[in-house]
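Student: Below is one structure. I have some questions about it.
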Amino acid sequence: MGRYYHLSKKLSKEEIQKVEKEMNALDNVKKAEITKDNDYLKVETVDGQFEDVMRAAVNICSHIAHGTELSFARFAFED
């Protein structure tokens, strides 16, 4: 199970690529991706722990996407 985090603003294609690359490079991240509608960051972790991953995600998004903030939206259950 993962989680969706709402992005406070739309990201450019370049920003999306950079955020996804840095997020997926984190040790505990199984998969991280920006949704096609560019509204959410979906994050799945290896062990179900999100605290450290999301602390890093906040910093990554703020730095790469110029102050973009994240807020928890909902859980992502596998279909």
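Just remember, in the structure tokens the first chain shown is A, the second B, etc., residues are 1-based per chain, and ligands are 1-based in the order shown.
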List as a VMD selection string the protein and nucleic acid residues near A:Ala73, meaning an atom at most 12 Å away when only C-alpha atoms are counted, but skip any in the same chain fewer than 5 places from it.
Tutor: chain A and resid 2 to 8 39 to 43
Student: Please save C-alpha atoms of the selected residues as a PDB file, in the first residue's frame.
Tutor:
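Generated output (result.pdb):
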ATOM      1  CA  GLY A   2       1.215   3.464  -0.829  1.00  0.00           C
ATOM      2  CA  ARG A   3       0.061   6.984  -0.262  1.00  0.00           C
ATOM      3  CA  TYR A   4      -0.939   9.927  -2.412  1.00  0.00           C
ATOM      4  CA  TYR A   5       0.306  13.393  -1.538  1.00  0.00           C
ATOM      5  CA  HIS A   6      -1.282  16.471  -3.119  1.00  0.00           C
ATOM      6  CA  LEU A   7       1.125  18.862  -4.836  1.00  0.00           C
ATOM      7  CA  SER A   8       0.487  22.543  -4.112  1.00  0.00           C
ATOM      8  CA  ASP A  39      -1.891  16.726  -8.981  1.00  0.00           C
ATOM      9  CA  TYR A  40      -0.354  14.041  -6.769  1.00  0.00           C
ATOM     10  CA  LEU A  41       2.876  12.334  -5.817  1.00  0.00           C
ATOM     11  CA  LYS A  42       2.236   8.624  -5.282  1.00  0.00           C
ATOM     12  CA  VAL A  43       4.762   6.960  -2.993  1.00  0.00           C
TER      13      VAL A  43
END
Student: Apply DSSP to the backbone of this structure and, from chain A, keep only the residues in strand (DSSP E); write these as a ChimeraX atom specification.
Tutor: /A:2-7,29-34,40-45,70-76
Student: Can I get the selected residues back with C-alpha atoms, as a compact mmCIF listing (two decimals), in the first residue's frame?
Tutor:
# COMPACT_ATOMS: atom_id res chain seq x y z
CA GLY A 2 1.22 3.46 -0.83
CA ARG A 3 0.06 6.98 -0.26
CA TYR A 4 -0.94 9.93 -2.41
CA TYR A 5 0.31 13.39 -1.54
CA HIS A 6 -1.28 16.47 -3.12
CA LEU A 7 1.12 18.86 -4.84
CA VAL A 29 11.30 3.92 -1.81
CA LYS A 30 9.79 1.07 -3.79
CA LYS A 31 8.22 3.42 -6.34
CA ALA A 32 7.46 7.14 -6.56
CA GLU A 33 5.66 8.87 -9.40
CA ILE A 34 3.73 12.02 -10.19
CA TYR A 40 -0.35 14.04 -6.77
CA LEU A 41 2.88 12.33 -5.82
CA LYS A 42 2.24 8.62 -5.28
CA VAL A 43 4.76 6.96 -2.99
CA GLU A 44 5.24 3.29 -2.12
CA THR A 45 7.88 2.30 0.41
CA LEU A 70 2.96 18.33 -0.18
CA SER A 71 -0.06 17.34 1.87
CA PHE A 72 -1.40 13.85 2.55
CA ALA A 73 -4.43 13.10 0.37
CA ARG A 74 -5.27 9.40 0.67
CA PHE A 75 -3.98 5.87 0.85
CA ALA A 76 -3.20 4.05 -2.40
Student: Give me the residues within 10 Å of stretch 11-28 of chain A as a PyMOL selection string, counting only C-alpha atoms and dropping any in the same chain fewer than 6 places off.
Tutor: chain A and resi 34-35+38-39+41-50+52-54+56-57+60-66+68
Student: Would you put the residues from that selection into a file with C-alpha atoms, as a compact mmCIF listing (two decimals), in the first residue's frame?
Tutor:
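Contents of the output file selection-v7.txt:
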# COMPACT_ATOMS: atom_id res chain seq x y z
CA ILE A 34 3.73 12.02 -10.19
CA THR A 35 0.22 11.20 -11.43
CA ASN A 38 0.07 16.36 -12.23
CA ASP A 39 -1.89 16.73 -8.98
CA LEU A 41 2.88 12.33 -5.82
CA LYS A 42 2.24 8.62 -5.28
CA VAL A 43 4.76 6.96 -2.99
CA GLU A 44 5.24 3.29 -2.12
CA THR A 45 7.88 2.30 0.41
CA VAL A 46 9.68 -1.00 0.86
CA ASP A 47 8.68 -1.45 4.49
CA GLY A 48 5.54 0.68 4.85
CA GLN A 49 7.38 3.41 6.76
CA PHE A 50 6.87 6.92 5.39
CA ASP A 52 11.88 9.62 6.63
CA VAL A 53 10.85 9.22 2.99
CA MET A 54 8.32 12.02 3.19
CA ALA A 56 13.04 13.87 2.08
CA ALA A 57 10.13 14.29 -0.37
CA ILE A 60 13.09 17.45 -2.83
CA CYS A 61 9.85 19.03 -4.04
CA SER A 62 10.58 22.35 -2.38
CA HIS A 63 14.08 22.53 -3.86
CA ILE A 64 13.40 21.23 -7.38
CA ALA A 65 9.91 22.67 -7.88
CA HIS A 66 10.54 26.05 -6.24
CA THR A 68 6.04 23.18 -3.98
